[in-house]
$ cat coords_10.cif   # mmCIF, C-alpha atoms and all ligand atoms
data_structure
#
loop_
_atom_site.label_atom_id
_atom_site.label_comp_id
_atom_site.auth_asym_id
_atom_site.auth_seq_id
_atom_site.Cartn_x
_atom_site.Cartn_y
_atom_site.Cartn_z
CA MET A 14 45.31 52.68 4.11
CA ASN A 15 46.66 49.74 2.14
CA LEU A 16 46.71 50.72 -1.55
CA GLU A 17 47.56 47.24 -2.75
CA LEU A 18 44.52 45.33 -4.00
CA SER A 19 43.82 41.91 -2.55
CA GLU A 20 43.68 38.93 -4.91
CA GLU A 21 39.90 38.97 -4.68
CA GLN A 22 39.68 42.67 -5.51
CA SER A 23 42.05 42.26 -8.47
CA ALA A 24 39.95 39.34 -9.73
CA VAL A 25 36.73 41.36 -9.49
CA ARG A 26 38.37 44.21 -11.40
CA ARG A 27 39.58 41.83 -14.13
CA LEU A 28 36.10 40.33 -14.40
CA ALA A 29 34.54 43.78 -14.74
CA ARG A 30 37.17 44.92 -17.26
CA ASP A 31 36.67 41.86 -19.48
CA PHE A 32 32.89 42.24 -19.29
CA VAL A 33 33.08 45.92 -20.24
CA GLU A 34 35.45 45.27 -23.16
CA ARG A 35 33.20 42.49 -24.47
CA GLU A 36 29.65 43.62 -23.67
CA VAL A 37 29.73 47.40 -23.27
CA VAL A 38 32.48 49.17 -25.25
CA PRO A 39 31.46 47.76 -28.67
CA HIS A 40 27.88 49.08 -28.23
CA ALA A 41 28.32 52.32 -26.28
CA THR A 42 28.24 54.69 -29.26
CA ALA A 43 25.21 52.96 -30.80
CA TRP A 44 23.32 53.05 -27.48
CA ASP A 45 24.19 56.74 -27.12
CA ARG A 46 22.88 57.48 -30.62
CA ALA A 47 19.74 55.39 -30.09
CA GLU A 48 19.16 56.98 -26.66
CA GLU A 49 18.72 53.55 -25.12
CA VAL A 50 21.04 50.96 -23.62
CA ASP A 51 20.06 47.36 -24.49
CA ARG A 52 18.00 46.28 -21.50
CA GLY A 53 19.51 42.78 -21.64
CA ILE A 54 22.60 44.26 -20.01
CA VAL A 55 20.80 44.34 -16.63
CA LYS A 56 20.50 40.55 -16.41
CA LYS A 57 24.15 40.17 -17.45
CA LEU A 58 25.21 42.59 -14.70
CA GLY A 59 23.13 40.58 -12.24
CA ASP A 60 24.55 37.23 -13.38
CA LEU A 61 28.09 38.46 -12.70
CA GLY A 62 27.11 39.65 -9.21
CA PHE A 63 27.69 43.33 -10.02
CA LEU A 64 24.19 44.25 -8.79
CA GLY A 65 24.74 42.49 -5.47
CA LEU A 66 28.14 43.81 -4.43
CA THR A 67 28.25 44.59 -0.66
CA ILE A 68 24.77 43.00 -0.21
CA ASP A 69 24.51 40.04 2.17
CA GLU A 70 24.47 36.59 0.51
CA ARG A 71 21.23 35.77 2.39
CA TYR A 72 19.45 38.23 0.10
CA GLY A 73 21.08 37.14 -3.14
CA GLY A 74 24.09 39.45 -2.90
CA CYS A 75 27.69 38.37 -3.14
CA GLY A 76 29.09 40.26 -0.16
CA GLY A 77 32.25 42.07 -1.14
CA ASP A 78 33.69 45.30 0.21
CA HIS A 79 33.22 48.88 -0.95
CA LEU A 80 36.60 48.99 -2.67
CA ALA A 81 35.49 46.10 -4.89
CA TYR A 82 32.30 48.06 -5.56
CA CYS A 83 34.41 51.10 -6.57
CA LEU A 84 36.58 48.98 -8.86
CA VAL A 85 33.56 47.57 -10.70
CA THR A 86 31.92 51.00 -10.89
CA GLU A 87 35.10 52.52 -12.31
CA GLU A 88 35.31 49.86 -15.03
CA LEU A 89 31.65 50.32 -15.96
CA GLY A 90 32.15 54.09 -16.06
CA ARG A 91 35.16 53.60 -18.32
CA GLY A 92 32.96 51.71 -20.78
CA ASP A 93 29.69 53.62 -20.64
CA SER A 94 28.35 55.94 -17.95
CA SER A 95 24.77 55.04 -18.88
CA VAL A 96 25.46 51.42 -17.88
CA ARG A 97 27.37 52.53 -14.81
CA GLY A 98 24.36 54.58 -13.71
CA ILE A 99 22.07 51.53 -13.78
CA VAL A 100 24.26 49.91 -11.11
CA SER A 101 24.91 53.08 -9.11
CA VAL A 102 21.16 53.61 -8.73
CA SER A 103 19.61 50.12 -8.66
CA LEU A 104 22.27 48.73 -6.33
CA GLY A 105 23.89 51.85 -4.86
CA LEU A 106 20.85 53.98 -4.04
CA VAL A 107 18.05 51.41 -3.82
CA ALA A 108 19.24 47.89 -2.85
CA LYS A 109 21.87 49.15 -0.41
CA THR A 110 19.29 51.43 1.20
CA VAL A 111 16.77 48.60 1.55
CA ALA A 112 19.56 46.49 3.08
CA ALA A 113 20.45 49.26 5.54
CA TRP A 114 16.95 50.42 6.55
CA GLY A 115 14.47 47.75 5.46
CA SER A 116 12.45 45.32 7.56
CA GLU A 117 13.16 41.61 7.11
CA GLU A 118 10.07 41.34 4.91
CA GLN A 119 11.11 44.29 2.73
CA LYS A 120 14.59 42.81 2.30
CA ARG A 121 13.16 39.42 1.30
CA THR A 122 10.64 41.02 -1.08
CA TRP A 123 13.03 43.28 -2.99
CA LEU A 124 16.68 42.35 -2.58
CA PRO A 125 16.86 38.99 -4.43
CA GLY A 126 15.22 40.59 -7.50
CA LEU A 127 17.38 43.71 -7.39
CA THR A 128 20.65 41.82 -6.92
CA SER A 129 19.89 39.30 -9.69
CA GLY A 130 18.82 41.96 -12.19
CA THR A 131 15.26 40.62 -12.36
CA TYR A 132 14.18 43.96 -10.91
CA VAL A 133 15.50 47.44 -11.54
CA GLY A 134 15.21 50.10 -8.86
CA CYS A 135 14.99 53.89 -9.09
CA PHE A 136 15.39 56.65 -6.52
CA GLY A 137 12.59 59.23 -6.51
CA LEU A 138 13.71 62.28 -4.57
CA THR A 139 13.97 65.27 -6.95
CA GLU A 140 10.83 67.16 -7.99
CA PRO A 141 10.24 69.86 -10.59
CA GLY A 142 10.34 72.52 -7.85
CA THR A 143 12.90 71.01 -5.46
CA GLY A 144 16.35 69.77 -6.45
CA SER A 145 19.17 70.94 -4.18
CA ASP A 146 16.68 71.77 -1.43
CA ALA A 147 15.36 68.19 -1.45
CA GLY A 148 14.07 68.28 2.12
CA ASN A 149 11.49 70.82 0.99
CA LEU A 150 9.77 68.37 -1.38
CA SER A 151 6.03 68.57 -1.85
CA THR A 152 4.86 65.08 -2.91
CA ARG A 153 2.28 64.10 -0.29
CA ALA A 154 1.40 60.73 1.26
CA VAL A 155 -1.89 60.92 3.18
CA ARG A 156 -2.87 58.11 5.56
CA ASP A 157 -6.17 56.40 4.68
CA GLY A 158 -6.92 53.30 6.78
CA ASP A 159 -4.11 50.78 6.26
CA ASP A 160 -2.81 52.65 3.20
CA TYR A 161 -1.19 55.91 2.17
CA VAL A 162 -2.50 57.77 -0.87
CA VAL A 163 0.34 59.51 -2.71
CA ASN A 164 0.16 62.50 -5.07
CA GLY A 165 3.03 64.42 -6.66
CA THR A 166 5.62 64.55 -9.44
CA LYS A 167 9.23 63.36 -9.48
CA MET A 168 11.74 64.71 -11.99
CA PHE A 169 14.98 63.45 -13.61
CA ILE A 170 14.65 59.92 -12.20
CA THR A 171 17.44 57.62 -13.42
CA ASN A 172 16.15 54.16 -14.47
CA GLY A 173 12.70 55.76 -14.15
CA THR A 174 10.98 54.08 -17.10
CA TRP A 175 12.76 50.77 -16.56
CA ALA A 176 12.20 50.46 -12.85
CA ASP A 177 10.15 47.76 -11.12
CA VAL A 178 10.35 49.51 -7.76
CA VAL A 179 10.57 53.18 -6.83
CA LEU A 180 12.23 54.26 -3.60
CA LEU A 181 9.94 57.22 -3.19
CA PHE A 182 10.21 60.17 -0.85
CA ALA A 183 7.01 61.94 0.18
CA ARG A 184 5.74 64.22 2.92
CA SER A 185 3.54 62.13 5.23
CA THR A 186 3.14 64.37 8.30
CA ASP A 187 2.80 68.09 8.95
CA ALA A 188 6.13 68.24 10.78
CA PRO A 189 8.16 71.18 9.45
CA GLY A 190 10.77 70.88 6.67
CA HIS A 191 12.45 67.55 6.12
CA LYS A 192 11.10 66.16 9.41
CA GLY A 193 7.78 65.36 7.67
CA VAL A 194 9.39 63.28 4.89
CA SER A 195 9.05 59.49 4.79
CA ALA A 196 10.41 56.84 2.39
CA PHE A 197 8.25 54.23 0.60
CA LEU A 198 8.96 51.24 -1.62
CA VAL A 199 6.40 51.55 -4.40
CA PRO A 200 5.99 48.88 -7.13
CA ALA A 201 6.23 50.75 -10.43
CA ASP A 202 3.07 49.10 -11.80
CA THR A 203 0.89 50.49 -9.01
CA PRO A 204 -2.23 52.12 -10.53
CA GLY A 205 -1.95 55.91 -10.74
CA LEU A 206 1.83 55.93 -11.32
CA THR A 207 2.74 57.08 -14.85
CA ARG A 208 6.19 57.60 -16.35
CA ARG A 209 7.55 59.66 -19.21
CA THR A 210 11.06 59.27 -20.62
CA LEU A 211 13.00 62.55 -20.84
CA HIS A 212 14.64 62.86 -24.26
CA GLY A 213 17.24 65.32 -25.52
CA LYS A 214 19.74 64.96 -22.67
CA LEU A 215 23.26 66.33 -23.26
CA GLY A 216 24.81 63.10 -21.98
CA LEU A 217 23.89 59.78 -20.38
CA ARG A 218 21.67 59.42 -23.40
CA GLY A 219 21.42 55.66 -23.10
CA GLN A 220 19.83 55.97 -19.70
CA ALA A 221 16.09 55.78 -19.04
CA THR A 222 15.75 59.10 -17.20
CA ALA A 223 12.10 59.85 -16.48
CA GLU A 224 9.46 62.04 -14.97
CA LEU A 225 7.15 60.12 -12.61
CA VAL A 226 3.62 61.38 -11.99
CA LEU A 227 1.69 59.99 -9.01
CA GLU A 228 -2.06 60.48 -8.96
CA ASP A 229 -3.87 58.89 -6.02
CA VAL A 230 -1.32 56.09 -5.83
CA ARG A 231 -2.37 53.77 -3.02
CA VAL A 232 0.44 52.01 -1.12
CA PRO A 233 0.09 49.89 2.02
CA ALA A 234 1.54 51.31 5.22
CA SER A 235 3.90 48.30 5.22
CA ALA A 236 5.63 49.85 2.18
CA MET A 237 7.15 52.55 4.38
CA LEU A 238 10.92 52.13 4.67
CA ALA A 239 12.24 53.12 8.10
CA PRO A 240 10.07 54.92 10.68
CA GLU A 241 7.73 57.72 9.66
CA GLY A 242 9.55 61.06 9.36
CA LYS A 243 12.95 59.42 8.81
CA GLY A 244 12.76 59.67 5.02
CA PHE A 245 15.23 62.53 4.71
CA SER A 246 17.81 60.66 6.82
CA VAL A 247 17.27 57.64 4.56
CA ALA A 248 17.85 59.80 1.46
CA MET A 249 20.93 61.53 2.85
CA SER A 250 22.55 58.27 4.00
CA ALA A 251 21.90 56.76 0.56
CA LEU A 252 23.44 59.78 -1.16
CA ALA A 253 26.51 59.81 1.09
CA LYS A 254 27.45 56.37 -0.23
CA GLY A 255 26.03 57.19 -3.67
CA ARG A 256 28.48 60.04 -4.06
CA MET A 257 31.36 57.57 -3.72
CA SER A 258 29.83 55.57 -6.56
CA VAL A 259 29.48 58.68 -8.75
CA ALA A 260 33.11 59.54 -7.96
CA ALA A 261 34.21 56.03 -8.98
CA GLY A 262 32.28 56.38 -12.24
CA CYS A 263 34.10 59.67 -12.84
CA VAL A 264 37.45 57.98 -12.32
CA GLY A 265 36.37 55.57 -15.06
CA ILE A 266 35.56 58.45 -17.42
CA ALA A 267 38.89 60.14 -16.70
CA GLN A 268 40.77 56.85 -17.20
CA ALA A 269 39.01 56.31 -20.54
CA ALA A 270 39.98 59.87 -21.53
CA LEU A 271 43.61 59.16 -20.61
CA ASP A 272 43.74 55.87 -22.51
CA ALA A 273 42.19 57.46 -25.60
CA ALA A 274 44.43 60.56 -25.52
CA VAL A 275 47.64 58.53 -25.17
CA ARG A 276 46.60 56.17 -27.96
CA TYR A 277 45.66 58.95 -30.37
CA ALA A 278 48.75 61.04 -29.59
CA GLY A 279 50.89 58.07 -30.59
CA GLU A 280 49.09 57.65 -33.92
CA ARG A 281 48.29 61.13 -35.22
CA GLU A 282 51.11 62.89 -37.09
CA GLN A 283 51.49 66.65 -37.50
CA PHE A 284 54.64 68.63 -38.37
CA GLY A 285 56.35 65.38 -39.45
CA LYS A 286 56.03 63.51 -36.14
CA THR A 287 53.34 62.03 -33.94
CA ILE A 288 51.63 64.66 -31.83
CA ALA A 289 52.98 62.84 -28.72
CA HIS A 290 56.27 64.57 -29.59
CA HIS A 291 54.80 68.03 -29.00
CA GLN A 292 55.32 69.31 -25.47
CA LEU A 293 51.92 71.01 -25.22
CA VAL A 294 50.18 67.74 -26.12
CA GLN A 295 52.16 66.03 -23.36
CA GLU A 296 50.93 68.74 -21.00
CA LEU A 297 47.30 67.89 -21.85
CA ILE A 298 48.00 64.20 -21.26
CA SER A 299 49.88 64.66 -18.01
CA ASP A 300 47.13 66.91 -16.65
CA ILE A 301 44.63 64.10 -17.32
CA ALA A 302 46.90 61.55 -15.64
CA VAL A 303 47.21 63.59 -12.45
CA ASP A 304 43.44 64.09 -12.32
CA VAL A 305 42.89 60.33 -12.71
CA ASP A 306 45.22 59.45 -9.86
CA ALA A 307 43.98 62.14 -7.48
CA ALA A 308 40.32 61.29 -8.12
CA ARG A 309 40.97 57.58 -7.69
CA LEU A 310 42.83 58.01 -4.40
CA LEU A 311 40.12 60.25 -2.93
CA THR A 312 37.48 57.69 -3.97
CA TRP A 313 39.34 54.71 -2.56
CA ARG A 314 39.74 56.56 0.72
CA VAL A 315 35.95 56.76 1.05
CA ALA A 316 35.64 53.01 0.39
CA ASP A 317 38.32 52.32 2.96
CA LEU A 318 36.56 54.48 5.58
CA ILE A 319 33.20 52.75 4.96
CA ASP A 320 34.76 49.29 5.15
CA ARG A 321 36.46 50.19 8.45
CA GLY A 322 33.20 51.58 9.88
CA GLN A 323 34.53 55.15 10.09
CA PRO A 324 32.62 58.39 9.30
CA PHE A 325 32.84 59.01 5.57
CA ALA A 326 30.12 61.46 4.43
CA VAL A 327 32.31 64.56 4.15
CA GLU A 328 35.10 62.60 2.47
CA SER A 329 32.50 61.28 0.04
CA SER A 330 31.47 64.84 -0.83
CA LYS A 331 35.14 65.76 -1.37
CA ALA A 332 35.68 62.76 -3.64
CA LYS A 333 32.50 63.43 -5.64
CA LEU A 334 33.29 67.14 -5.98
CA PHE A 335 36.87 66.58 -7.13
CA ALA A 336 36.27 63.51 -9.29
CA SER A 337 33.32 65.03 -11.16
CA GLU A 338 35.18 68.25 -11.95
CA ALA A 339 38.28 66.20 -12.83
CA ALA A 340 36.29 63.99 -15.22
CA VAL A 341 35.02 67.06 -17.08
CA ARG A 342 38.58 68.48 -17.31
CA ALA A 343 40.02 65.12 -18.37
CA ALA A 344 37.44 64.54 -21.10
CA ASN A 345 37.84 68.11 -22.34
CA ASN A 346 41.64 67.72 -22.47
CA ALA A 347 41.26 64.43 -24.34
CA LEU A 348 38.95 66.14 -26.82
CA GLN A 349 41.69 68.77 -27.38
CA VAL A 350 44.23 66.03 -28.09
CA TYR A 351 41.89 64.67 -30.77
CA GLY A 352 41.52 68.09 -32.42
CA GLY A 353 38.54 68.24 -34.80
CA TYR A 354 38.07 64.46 -34.61
CA GLY A 355 37.25 64.87 -30.92
CA TYR A 356 34.12 66.70 -31.94
CA ILE A 357 32.47 63.79 -33.74
CA ASP A 358 31.16 60.69 -32.04
CA GLU A 359 33.18 58.18 -34.07
CA TYR A 360 35.85 59.01 -31.49
CA PRO A 361 35.29 58.68 -27.74
CA ALA A 362 36.21 62.07 -26.26
CA GLY A 363 32.99 63.96 -27.05
CA LYS A 364 30.76 61.35 -25.41
CA LEU A 365 33.05 61.23 -22.37
CA LEU A 366 32.72 64.99 -21.99
CA ARG A 367 28.92 64.93 -22.38
CA ASP A 368 28.59 62.05 -19.92
CA ALA A 369 30.97 63.68 -17.42
CA ARG A 370 29.12 66.98 -17.30
CA VAL A 371 26.10 65.72 -15.35
CA MET A 372 28.32 64.33 -12.60
CA THR A 373 28.84 67.88 -11.31
CA LEU A 374 25.04 68.26 -11.11
CA TYR A 375 23.38 65.16 -9.70
CA GLU A 376 23.52 63.65 -6.23
CA GLY A 377 24.23 67.23 -5.12
CA THR A 378 25.76 69.87 -7.38
CA SER A 379 29.39 70.97 -6.90
CA GLN A 380 28.09 73.97 -4.96
CA ILE A 381 26.14 71.70 -2.60
CA GLN A 382 29.23 69.49 -2.01
CA LYS A 383 31.20 72.64 -1.11
CA LEU A 384 28.50 73.62 1.39
CA VAL A 385 28.66 70.13 2.97
CA ILE A 386 32.46 70.38 3.26
CA GLY A 387 32.27 74.00 4.46
CA ARG A 388 29.71 73.13 7.14
CA ALA A 389 31.96 70.36 8.48
CA LEU A 390 34.95 72.69 8.64
CA THR A 391 33.31 75.82 10.06
CA GLY A 392 30.37 74.42 11.97
CA VAL A 393 28.15 76.87 10.07
CA SER A 394 25.38 75.65 7.76
CA ALA A 395 25.39 78.00 4.76
CA PHE A 396 22.72 76.28 2.66
P1 LIG A 401 18.71 73.56 -8.46
O1 LIG A 401 18.66 72.97 -7.11
O2 LIG A 401 17.61 74.43 -8.91
O3 LIG A 401 20.09 74.36 -8.60
C1 LIG A 401 20.32 75.33 -9.63
C2 LIG A 401 21.67 76.00 -9.34
O4 LIG A 401 21.61 76.68 -8.07
C3 LIG A 401 22.83 75.00 -9.24
O5 LIG A 401 23.99 75.56 -9.77
C4 LIG A 401 23.00 74.83 -7.74
O6 LIG A 401 24.31 74.43 -7.38
C5 LIG A 401 22.67 76.22 -7.25
N1 LIG A 401 22.23 76.25 -5.85
C6 LIG A 401 21.08 75.76 -5.33
N2 LIG A 401 21.05 75.95 -4.00
C7 LIG A 401 22.21 76.56 -3.67
C8 LIG A 401 22.78 77.02 -2.45
N3 LIG A 401 22.16 76.86 -1.27
N4 LIG A 401 23.99 77.63 -2.50
C9 LIG A 401 24.65 77.76 -3.69
N5 LIG A 401 24.16 77.34 -4.87
C10 LIG A 401 22.97 76.75 -4.86
N6 LIG A 401 17.25 62.98 -8.79
C11 LIG A 401 16.70 61.90 -8.13
O7 LIG A 401 16.01 62.07 -7.13
N7 LIG A 401 16.91 60.64 -8.59
C12 LIG A 401 17.64 60.37 -9.70
O8 LIG A 401 17.81 59.21 -10.07
C13 LIG A 401 18.22 61.47 -10.43
N8 LIG A 401 18.90 61.27 -11.59
C14 LIG A 401 19.26 62.34 -12.37
C15 LIG A 401 19.78 62.14 -13.66
C16 LIG A 401 20.07 63.23 -14.46
C17 LIG A 401 20.58 62.99 -15.85
C18 LIG A 401 19.90 64.55 -13.97
C19 LIG A 401 20.24 65.75 -14.81
C20 LIG A 401 19.44 64.75 -12.69
C21 LIG A 401 19.09 63.67 -11.89
N9 LIG A 401 18.51 63.86 -10.62
C22 LIG A 401 17.99 62.78 -9.93
C23 LIG A 401 18.27 65.20 -10.12
C24 LIG A 401 19.52 65.89 -9.59
O9 LIG A 401 19.93 65.31 -8.38
C25 LIG A 401 19.20 67.39 -9.48
O10 LIG A 401 19.15 67.89 -10.81
C26 LIG A 401 20.22 68.14 -8.65
O11 LIG A 401 20.11 67.80 -7.30
C27 LIG A 401 20.09 69.66 -8.79
O12 LIG A 401 18.77 70.07 -8.60
P2 LIG A 401 18.09 71.08 -9.67
O13 LIG A 401 18.35 70.49 -11.02
O14 LIG A 401 16.70 71.29 -9.26
O15 LIG A 401 18.94 72.40 -9.56
#
$ encode --input "coords_10.cif" --output "structure tokens" --more "lines below"
Ligand code: FAD
Amino acid sequence: MNLELSEEQSAVRRLARDFVEREVVPHATAWDRAEEVDRGIVKKLGDLGFLGLTIDERYGGCGGDHLAYCLVTEELGRGDSSVRGIVSVSLGLVAKTVAAWGSEEQKRTWLPGLTSGTYVGCFGLTEPGTGSDAGNLSTRAVRDGDDYVVNGTKMFITNGTWADVVLLFARSTDAPGHKGVSAFLVPADTPGLTRRTLHGKLGLRGQATAELVLEDVRVPASAMLAPEGKGFSVAMSALAKGRMSVAAGCVGIAQAALDAAVRYAGEREQFGKTIAHHQLVQELISDIAVDVDAARLLTWRVADLIDRGQPFAVESSKAKLFASEAAVRAANNALQVYGGYGYIDEYPAGKLLRDARVMTLYEGTSQIQKLVIGRALTGVSAF
């Protein structure tokens, strides 16, 4: 693997870094306190091409490889994980999945809007009763003439109240387990679909996380993405790439923690010298630095495998597992460097820690990633 960035990749990273410094960092604390990111950010992300990375230019994307996608995601995660999540879901889980599995008509209907930021997408898999065991979901889609009629509830859906289109997973046949699950592209304004924002989250407070309730929602059969019964494969393939995006966002959190800890250690004085002079403070900082590098290298390896057309799902689980745990450690260490000031939100460490914590939970908890890795190594499924 070549670890040197190409000129194009470096330029994309610079563009993302400048954008984040200008448009995200100055507002992140206010958005966190208000529990809402300014929605205008979506159009700005679209205008810069960040919502169309890796998507074919024919559908409004700007091409680009997965390493460039990781670089942008890392920079967004460094500035504000709530903003990063908009891209990871609308592009990473929805647009990329439509591009991979959609019919020509579905691609033409949804991709130009999603890549430009005119539309926001959300990914409706989790339900109140099924999280880790997603293949066991109970939302039902019953065939009625040329339509399906959908009933059920989806929980914890990122971008949920903002979304224009829901990539929805529902049971459409009586085949056992995940074999009966199909995927649908459902316009969010379809009658019978109601949404409720979930307030009081520990982190990612700026993000529109929602519960979706579907009561007799009628969708045409043409809204099905991929063949009937393939919905679980669609979800798992989306999440395999999605985990790389989460990992890249975690690298951004850990990098922000490192930058903040180094800066503060050079300013704060105790015992007659800056705290950077104290060996145990240097230990905290060096631990963060090693976590940043290790997480970044694991994440870049996934991007490299995808771009070379190699199998990557297990490596993606490893990267997501390590990077999410590393981001929590890094933010916690940074908070320690800040002492009491780390505990109030005028300083960045507390928000980084709150935002990092969910990364070990969503798109498969740390335990689920270990089961994916363990299954690949032993040949035994221990779910
Ligand atoms: P459970 O599955 O009930 O797990 C509880 C505990 O049991 C965990 O520690 C878990 O690791 C453990 N456990 C479960 N099964 C096993 C096992 N076999 N072996 C060992 N341990 C096990 N979902 C979406 O579909 N779309 C979204 O956009 C989305 N965004 C989210 C945003 C936020 C802020 C949050 C908090 C969640 C989001 N989710 C989303 C849902 C998320 O993916 C789930 O919360 C996650 O998969 C875990 O499911 P659960 O919460 O039901 O926990």
$ residues_near_ligand --input "coords_10.cif" --ligand "ligand LIG 401 (chain A)" --cutoff "6 Å" --atoms "only C-alpha atoms and all ligand atoms" --output "PyMOL selection string"
chain A and resi 136-139+143-145+169-171+371+374-378+380-381+396
$ write_last_selection --input "coords_10.cif" --atoms "C-alpha atoms" --output "PDB file, in the coordinates of the input"
ATOM      1  CA  PHE A 136      15.390  56.650  -6.520  1.00  0.00           C
ATOM      2  CA  GLY A 137      12.590  59.230  -6.510  1.00  0.00           C
ATOM      3  CA  LEU A 138      13.710  62.280  -4.570  1.00  0.00           C
ATOM      4  CA  THR A 139      13.970  65.270  -6.950  1.00  0.00           C
ATOM      5  CA  THR A 143      12.900  71.010  -5.460  1.00  0.00           C
ATOM      6  CA  GLY A 144      16.350  69.770  -6.450  1.00  0.00           C
ATOM      7  CA  SER A 145      19.170  70.940  -4.180  1.00  0.00           C
ATOM      8  CA  PHE A 169      14.980  63.450 -13.610  1.00  0.00           C
ATOM      9  CA  ILE A 170      14.650  59.920 -12.200  1.00  0.00           C
ATOM     10  CA  THR A 171      17.440  57.620 -13.420  1.00  0.00           C
ATOM     11  CA  VAL A 371      26.100  65.720 -15.350  1.00  0.00           C
ATOM     12  CA  LEU A 374      25.040  68.260 -11.110  1.00  0.00           C
ATOM     13  CA  TYR A 375      23.380  65.160  -9.700  1.00  0.00           C
ATOM     14  CA  GLU A 376      23.520  63.650  -6.230  1.00  0.00           C
ATOM     15  CA  GLY A 377      24.230  67.230  -5.120  1.00  0.00           C
ATOM     16  CA  THR A 378      25.760  69.870  -7.380  1.00  0.00           C
ATOM     17  CA  GLN A 380      28.090  73.970  -4.960  1.00  0.00           C
ATOM     18  CA  ILE A 381      26.140  71.700  -2.600  1.00  0.00           C
ATOM     19  CA  PHE A 396      22.720  76.280   2.660  1.00  0.00           C
TER      20      PHE A 396
END
$ closest_residue --input "coords_10.cif" --among "A:His212, A:Lys120, A:His191, A:Arg97" --to "Val264 of chain A" --atoms "only C-alpha atoms"
A:Arg97
$ closest_residue --input "coords_10.cif" --among "A:Arg27, A:Ala302, A:Thr86, A:Ala316" --to "Ala274 of chain A" --atoms "only C-alpha atoms"
A:Ala302
$ residues_around --input "coords_10.cif" --residues "Pro233 of chain A" --least-positions-apart "2" --cutoff "9 Å" --atoms "only C-alpha atoms" --output "list in words"
Asp159, Asp160, Tyr161, Val162, Arg231, Ser235, Ala236 and Met237 of chain A
$ closest_residue --input "coords_10.cif" --among "A:Ala47, A:Ala24, A:Val199, A:Leu61" --to "Val107 of chain A" --atoms "all atoms listed in the file"
A:Val199
$ closest_residue --input "coords_10.cif" --among "A:Gly242, A:Gly105, A:Gly173, A:Gly59" --to "Leu206 of chain A" --atoms "all atoms listed in the file"
A:Gly173
$ atom_distance --input "coords_10.cif" --atom1 "atom CA of Thr287 of chain A" --atom2 "atom CA of Val350 of chain A"
11.5 Å
